[in-house]
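Participant: Next up, target_37.txt (compact mmCIF, C-alpha atoms).
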```txt
# COMPACT_ATOMS: atom_id res chain seq x y z
CA MET A 1 -45.60 -9.38 -8.03
CA SER A 2 -43.19 -10.23 -5.22
CA ARG A 3 -40.87 -7.61 -3.78
CA LEU A 4 -37.91 -9.63 -5.03
CA LEU A 5 -39.03 -9.91 -8.64
CA GLN A 6 -40.18 -6.28 -8.62
CA THR A 7 -36.69 -5.25 -7.53
CA PHE A 8 -35.08 -7.10 -10.44
CA ARG A 9 -37.61 -5.64 -12.87
CA ASP A 10 -36.97 -2.10 -11.61
CA LEU A 11 -33.23 -2.52 -12.15
CA ASP A 12 -33.89 -2.31 -15.90
CA ASN A 13 -30.78 -4.29 -16.94
CA LYS A 14 -28.63 -2.85 -14.17
CA LYS A 15 -26.75 -5.53 -12.27
CA ALA A 16 -28.03 -6.37 -8.80
CA LEU A 17 -25.67 -6.34 -5.85
CA ILE A 18 -26.54 -8.86 -3.12
CA PRO A 19 -24.29 -8.64 -0.05
CA PHE A 20 -24.36 -11.46 2.49
CA VAL A 21 -23.96 -10.83 6.21
CA THR A 22 -24.44 -13.14 9.17
CA ALA A 23 -27.20 -12.17 11.59
CA GLY A 24 -25.68 -11.17 14.91
CA TYR A 25 -22.13 -10.74 13.62
CA PRO A 26 -19.93 -9.08 14.66
CA HIS A 27 -22.45 -7.99 17.33
CA PRO A 28 -26.23 -8.44 17.47
CA HIS A 29 -26.87 -4.76 18.11
CA LEU A 30 -25.13 -3.86 14.83
CA THR A 31 -27.02 -6.14 12.41
CA VAL A 32 -29.92 -3.81 11.60
CA ASP A 33 -27.58 -0.81 11.24
CA ILE A 34 -25.38 -2.89 8.91
CA MET A 35 -28.39 -3.85 6.78
CA HIS A 36 -29.48 -0.22 6.42
CA GLU A 37 -25.96 0.89 5.55
CA LEU A 38 -25.68 -1.79 2.89
CA VAL A 39 -28.79 -0.38 1.25
CA ARG A 40 -27.45 3.18 1.47
CA GLN A 41 -24.28 2.07 -0.28
CA GLY A 42 -26.09 0.38 -3.15
CA ALA A 43 -27.26 -3.09 -2.12
CA ASP A 44 -30.34 -4.18 -4.07
CA VAL A 45 -31.09 -7.32 -2.07
CA ILE A 46 -29.74 -8.46 1.31
CA GLU A 47 -28.89 -12.07 2.03
CA LEU A 48 -28.99 -12.59 5.78
CA GLY A 49 -27.34 -15.69 7.16
CA MET A 50 -29.11 -17.64 9.90
CA PRO A 51 -26.34 -18.76 12.27
CA PHE A 52 -25.94 -22.53 12.43
CA SER A 53 -23.47 -24.74 14.28
CA ASP A 54 -22.56 -26.89 11.26
CA PRO A 55 -22.58 -24.67 8.14
CA MET A 56 -21.22 -27.28 5.73
CA ALA A 57 -21.18 -25.09 2.61
CA ASP A 58 -19.42 -22.19 4.29
CA GLY A 59 -15.72 -21.54 4.59
CA PRO A 60 -13.86 -20.56 7.77
CA VAL A 61 -14.85 -16.87 7.68
CA ILE A 62 -18.59 -17.49 7.70
CA GLN A 63 -18.22 -20.49 10.00
CA LYS A 64 -16.49 -18.21 12.50
CA SER A 65 -19.19 -15.58 12.15
CA SER A 66 -21.90 -18.17 12.82
CA GLU A 67 -20.09 -19.47 15.88
CA SER A 68 -19.71 -15.93 17.21
CA ALA A 69 -23.36 -15.06 16.61
CA ILE A 70 -24.56 -18.26 18.31
CA LYS A 71 -22.38 -17.51 21.35
CA GLN A 72 -24.09 -14.11 21.50
CA GLY A 73 -27.50 -15.73 21.55
CA ILE A 74 -28.56 -15.37 17.91
CA GLY A 75 -30.56 -18.22 16.48
CA ILE A 76 -33.25 -18.58 13.88
CA GLU A 77 -36.03 -16.79 15.77
CA LYS A 78 -33.84 -13.83 16.70
CA THR A 79 -32.65 -13.64 13.09
CA ILE A 80 -36.26 -13.31 11.98
CA ASP A 81 -36.78 -10.62 14.63
CA LEU A 82 -33.84 -8.65 13.19
CA VAL A 83 -35.62 -8.62 9.82
CA LYS A 84 -38.73 -7.33 11.57
CA GLN A 85 -36.67 -4.49 13.06
CA PHE A 86 -35.17 -3.72 9.64
CA ARG A 87 -38.67 -3.49 8.16
CA GLN A 88 -39.60 -0.72 10.58
CA GLN A 89 -37.62 1.65 8.35
CA ASN A 90 -37.24 -0.23 5.07
CA ASN A 91 -40.17 -1.86 3.32
CA SER A 92 -38.67 -2.04 -0.16
CA THR A 93 -35.36 -3.94 -0.07
CA PRO A 94 -35.82 -7.71 -0.39
CA VAL A 95 -34.33 -9.90 2.33
CA VAL A 96 -33.33 -13.50 1.62
CA LEU A 97 -32.70 -15.74 4.61
CA MET A 98 -29.85 -18.17 3.95
CA GLY A 99 -29.17 -21.17 6.12
CA TYR A 100 -29.64 -24.87 6.74
CA LEU A 101 -32.60 -27.17 7.16
CA ASN A 102 -32.02 -28.42 10.71
CA PRO A 103 -33.01 -25.22 12.59
CA VAL A 104 -36.05 -24.80 10.35
CA GLU A 105 -37.10 -28.40 11.08
CA CYS A 106 -36.64 -27.80 14.80
CA MET A 107 -38.77 -24.65 14.69
CA GLY A 108 -41.36 -26.34 12.49
CA HIS A 109 -42.11 -25.46 8.87
CA ASP A 110 -45.44 -23.79 9.64
CA HIS A 111 -44.09 -21.73 12.51
CA PHE A 112 -40.94 -20.73 10.63
CA VAL A 113 -42.67 -19.67 7.40
CA SER A 114 -45.43 -17.83 9.26
CA ALA A 115 -42.90 -15.93 11.38
CA ALA A 116 -40.71 -15.14 8.38
CA LYS A 117 -43.66 -13.85 6.37
CA SER A 118 -44.89 -11.72 9.26
CA ALA A 119 -41.41 -10.22 9.75
CA GLY A 120 -41.06 -9.22 6.10
CA VAL A 121 -38.76 -11.94 4.75
CA ASP A 122 -39.00 -12.36 0.98
CA ALA A 123 -37.21 -15.62 0.23
CA LEU A 124 -35.45 -18.61 1.70
CA LEU A 125 -32.25 -20.32 0.61
CA LEU A 126 -31.61 -23.62 2.37
CA VAL A 127 -28.26 -25.01 1.26
CA ASP A 128 -29.04 -28.60 2.22
CA SER A 129 -32.63 -28.73 0.98
CA PRO A 130 -32.63 -29.53 -2.76
CA PRO A 131 -35.90 -29.62 -4.72
CA GLU A 132 -36.23 -33.39 -4.29
CA GLU A 133 -36.46 -32.92 -0.50
CA SER A 134 -38.25 -29.58 -0.29
CA SER A 135 -41.86 -30.39 -1.12
CA ASP A 136 -43.24 -29.71 2.37
CA ILE A 137 -41.55 -26.39 2.97
CA LEU A 138 -41.90 -25.38 -0.67
CA GLN A 139 -45.67 -25.72 -0.35
CA GLN A 140 -45.63 -23.63 2.82
CA LEU A 141 -43.59 -20.94 1.10
CA LYS A 142 -45.89 -20.87 -1.93
CA THR A 143 -48.96 -20.61 0.32
CA ASN A 144 -47.37 -17.61 2.05
CA GLN A 145 -46.07 -16.06 -1.19
CA LEU A 146 -42.41 -16.44 -0.27
CA GLU A 147 -39.74 -17.46 -2.78
CA GLN A 148 -37.44 -20.46 -2.45
CA ILE A 149 -34.00 -19.97 -3.95
CA PHE A 150 -32.16 -23.05 -5.22
CA LEU A 151 -28.49 -23.57 -5.95
CA ILE A 152 -26.89 -24.74 -9.18
CA ALA A 153 -23.23 -25.80 -9.08
CA PRO A 154 -20.54 -26.29 -11.73
CA THR A 155 -21.08 -30.04 -11.33
CA THR A 156 -24.86 -29.92 -11.87
CA THR A 157 -25.95 -31.97 -14.86
CA GLU A 158 -28.12 -30.34 -17.49
CA LYS A 159 -30.99 -32.70 -16.66
CA ARG A 160 -30.90 -31.72 -13.01
CA MET A 161 -30.43 -28.06 -13.96
CA THR A 162 -33.74 -28.25 -15.82
CA MET A 163 -35.48 -29.74 -12.78
CA ILE A 164 -34.04 -27.13 -10.41
CA CYS A 165 -35.11 -24.28 -12.67
CA GLU A 166 -38.65 -25.69 -12.80
CA HIS A 167 -38.91 -25.47 -8.99
CA ALA A 168 -36.95 -22.26 -8.37
CA SER A 169 -38.51 -18.87 -7.76
CA GLY A 170 -37.17 -15.38 -7.09
CA PHE A 171 -33.81 -16.04 -8.73
CA VAL A 172 -31.42 -18.92 -9.38
CA TYR A 173 -28.19 -18.94 -7.38
CA TYR A 174 -25.16 -20.22 -9.28
CA VAL A 175 -22.32 -21.47 -7.09
CA ALA A 176 -19.21 -20.38 -8.93
CA LEU A 177 -16.77 -22.68 -7.13
CA LYS A 178 -16.38 -26.37 -6.43
CA GLY A 179 -15.90 -25.76 -2.73
CA VAL A 180 -17.05 -23.72 0.24
CA THR A 181 -17.64 -19.99 0.38
CA GLY A 182 -14.54 -17.85 0.05
CA SER A 183 -12.36 -20.81 -0.85
CA ALA A 184 -10.67 -19.84 -4.12
CA ASP A 185 -10.48 -17.56 -7.13
CA LEU A 186 -13.21 -18.10 -9.69
CA ASP A 187 -12.81 -18.86 -13.39
CA ALA A 188 -14.91 -16.16 -15.04
CA ASP A 189 -14.99 -17.80 -18.46
CA SER A 190 -16.29 -21.07 -17.03
CA VAL A 191 -18.83 -19.24 -14.85
CA ASN A 192 -20.16 -17.22 -17.77
CA ALA A 193 -20.49 -20.35 -19.94
CA ASP A 194 -22.51 -22.09 -17.22
CA ILE A 195 -24.75 -19.06 -16.71
CA LYS A 196 -25.59 -19.07 -20.40
CA LYS A 197 -26.65 -22.71 -20.04
CA ILE A 198 -28.84 -21.88 -17.05
CA LYS A 199 -30.54 -19.07 -18.93
CA GLN A 200 -31.64 -21.58 -21.56
CA HIS A 201 -33.78 -23.23 -18.87
CA THR A 202 -35.29 -20.29 -17.00
CA ASP A 203 -36.41 -16.68 -17.32
CA LEU A 204 -35.55 -16.02 -13.67
CA PRO A 205 -32.59 -13.78 -12.84
CA VAL A 206 -29.33 -15.62 -12.22
CA ALA A 207 -27.10 -14.57 -9.33
CA VAL A 208 -23.49 -15.69 -8.86
CA GLY A 209 -21.86 -16.25 -5.50
CA PHE A 210 -18.94 -18.13 -3.86
CA GLY A 211 -15.69 -16.52 -5.01
CA VAL A 212 -16.90 -12.99 -5.77
CA LYS A 213 -14.87 -10.84 -3.43
CA ASP A 214 -14.16 -7.43 -5.00
CA ALA A 215 -14.99 -5.10 -7.90
CA ALA A 216 -12.84 -6.99 -10.41
CA SER A 217 -14.39 -10.40 -9.71
CA ALA A 218 -17.89 -8.89 -9.59
CA VAL A 219 -17.48 -7.32 -13.02
CA ALA A 220 -15.94 -10.50 -14.44
CA VAL A 221 -19.12 -12.50 -13.80
CA ALA A 222 -21.69 -9.71 -14.14
CA GLU A 223 -21.20 -9.57 -17.91
CA VAL A 224 -23.62 -12.49 -18.14
CA ALA A 225 -25.15 -12.78 -14.65
CA ASP A 226 -28.01 -10.62 -13.42
CA ALA A 227 -26.65 -10.29 -9.89
CA VAL A 228 -23.55 -10.90 -7.81
CA VAL A 229 -23.48 -12.14 -4.22
CA ILE A 230 -20.59 -11.09 -2.01
CA GLY A 231 -20.25 -12.76 1.37
CA SER A 232 -17.00 -13.97 2.91
CA ALA A 233 -14.92 -10.91 2.03
CA LEU A 234 -17.56 -8.55 3.45
CA VAL A 235 -18.10 -10.61 6.60
CA SER A 236 -14.34 -10.67 7.14
CA ALA A 237 -14.11 -6.88 6.71
CA LEU A 238 -16.82 -6.35 9.34
CA GLY A 239 -15.21 -8.64 11.89
CA ASP A 240 -13.47 -5.97 13.97
CA CYS A 241 -16.33 -3.46 14.02
CA ASP A 242 -17.61 -2.62 17.50
CA ASP A 243 -19.93 0.27 16.69
CA ALA A 244 -22.24 1.47 13.93
CA ALA A 245 -19.96 4.29 12.76
CA THR A 246 -17.02 1.95 12.21
CA ALA A 247 -19.24 -0.57 10.44
CA ALA A 248 -20.63 2.16 8.19
CA LYS A 249 -17.15 3.21 7.10
CA VAL A 250 -16.10 -0.40 6.43
CA ILE A 251 -19.24 -0.98 4.37
CA ALA A 252 -18.79 2.22 2.38
CA ASP A 253 -15.14 1.42 1.62
CA PHE A 254 -16.04 -2.14 0.60
CA ILE A 255 -19.32 -1.70 -1.28
CA LYS A 256 -18.83 1.61 -3.13
CA PRO A 257 -16.14 0.39 -5.55
CA ILE A 258 -18.18 -2.71 -6.37
CA ARG A 259 -21.38 -0.72 -6.92
CA THR A 260 -19.52 1.76 -9.12
CA ALA A 261 -17.93 -1.03 -11.17
CA LEU A 262 -21.26 -2.82 -11.70
CA ASP A 263 -22.95 0.42 -12.73
CA SER A 264 -20.28 0.95 -15.37
CA LEU A 265 -21.31 -2.17 -17.29
```
Have the structure of the file written as structure tokens, please.
Facilitator:
Amino acid sequence: MSRLLQTFRDLDNKKALIPFVTAGYPHPHLTVDIMHELVRQGADVIELGMPFSDPMADGPVIQKSSESAIKQGIGIEKTIDLVKQFRQQNNSTPVVLMGYLNPVECMGHDHFVSAAKSAGVDALLLVDSPPEESSDILQQLKTNQLEQIFLIAPTTTEKRMTMICEHASGFVYYVALKGVTGSADLDADSVNADIKKIKQHTDLPVAVGFGVKDAASAVAVAEVADAVVIGSALVSALGDCDDAATAAKVIADFIKPIRTALDSL
């Protein structure tokens, strides 16, 4: 069983917390420390963003973080190396790489998947690579026993939802907003209704992201979802951190209330 699915099984109905951070932001030397601190404060899975110059699905906060990381020399290969460094002390927390197809194409599917597997990556989420266009890399991931996470949006038809669920592995990521990350407040009732539909098509865990920004919004969608993903609000909070101690305090102040709220369900 994969590390990702084992983590969800071990939760035993507890809700998973999946924080998103951008590799290399706010500073490359802080990324591994940030990842470890997220785990200490209750993260079950880490979603690590691969900086990209044209992150079309991301709002201004994550766009800015990608631009900053790229200026500091962080690209796809260095992102993978950061996971390798993280694995020197943590071999249990799943890491999902989130990003876009172009850098993966430039690196080459074989090279990318091999490097990711060797570093200890568990899954890949490519925003602009739907199942219809993912056959090559999906085969590479399957061969190397890595998961490919696919997105389902509020506008996804039930027919297409069925097809996505047939190809997905690890978990299904439900996009709670019709927009980019961090763009608006979510409608919990609508989100929960859609998650119930998704669960009719798959036994995989369902995670909700885009619009989850604090304990209240996390709890609102976790009633039905198996996991919540928090990105823009956390990335924004980390923006002014220059050292590991400051980052640790920011993470504790941000994550603890959300972890406590989820555990109360």
Participant: List the spatial neighbours of Asp187 (chain A) as an MDAnalysis selection string - criterion: any atom at most 10 Å away, only C-alpha atoms, same-chain residues fewer than 4 positions off excluded.
Facilitator: chainID A and resid 176:177 191:192 211 217 220:221
Participant: Under the rule that all atoms listed in the file are counted, which of A:Ser114, A:Asn13, A:Gln140, A:Ser2 is the nearest residue to Thr93 (chain A)?
Facilitator: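 Closest candidate: A:Ser2.
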Participant: Would you mind listing what lies within 10 Å of Gln63 (chain A) as a VMD selection string, with all atoms listed in the file counted and same-chain residues fewer than 6 positions away left out?
Facilitator: chain A and resid 22 51 to 57 69 181 232
Participant: Within 12 Å of Gly239 (chain A), counting all atoms listed in the file, which residues qualify if same-chain residues fewer than 6 places away don't, as a list in words?
Facilitator: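 These residues fall inside the cut-off: Val21, Thr22, Gly24, Tyr25, Pro26, His27, Leu30, Val61, Ile62, Lys64, Ser65, Ser66, Ser68, Ala69, Ser232, Ala233, Thr246, Ala247, Val250 and Ile251 of chain A.
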Participant: So how many Å separate CA of His109 (chain A) and CA of Glu77 (chain A), to one decimal?
Facilitator: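 Going from CA of His109 (chain A) over to CA of Glu77 (chain A), I get 12.6 Å.
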Participant: Using all atoms listed in the file, pick whichever of A:Phe150, A:Phe210, A:Phe86, A:Phe171 has the shortest atom-to-atom distance to Glu133 (chain A).
Facilitator: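 Residue with the minimum atom-to-atom distance to Glu133 (chain A): A:Phe150.
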Participant: Between A:Ser129, A:Thr143, A:Ser118, A:Gln200, which is the closest to Glu105 (chain A) once you count only C-alpha atoms?
Facilitator: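 Among the listed residues, the smallest separation from Glu105 (chain A) belongs to A:Ser129.
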Participant: Fewer than 5 positions away in the same chain doesn't count, so skip those; otherwise give me all residues within 12 Å of Val32 (chain A), counting only C-alpha atoms, as a count of residues only.
Facilitator: 30
Participant: Excluding Val206 (chain A) and its own-chain neighbours fewer than 2 positions away, which residues fall within 6 Å of it when counting only C-alpha atoms? Please give them as a VMD selection string.
Facilitator: chain A and resid 171 to 173 225 to 226
Participant: What does the structure give for the distance between CA of Leu141 (chain A) and CA of Gly49 (chain A), in Å to one decimal?
Facilitator: 18.1 Å
Participant: Which is closer to Lys142 (chain A) than all the others in A:Gly170, A:Gly120, A:Pro257, A:Pro154, using all atoms listed in the file?
Facilitator: A:Gly170
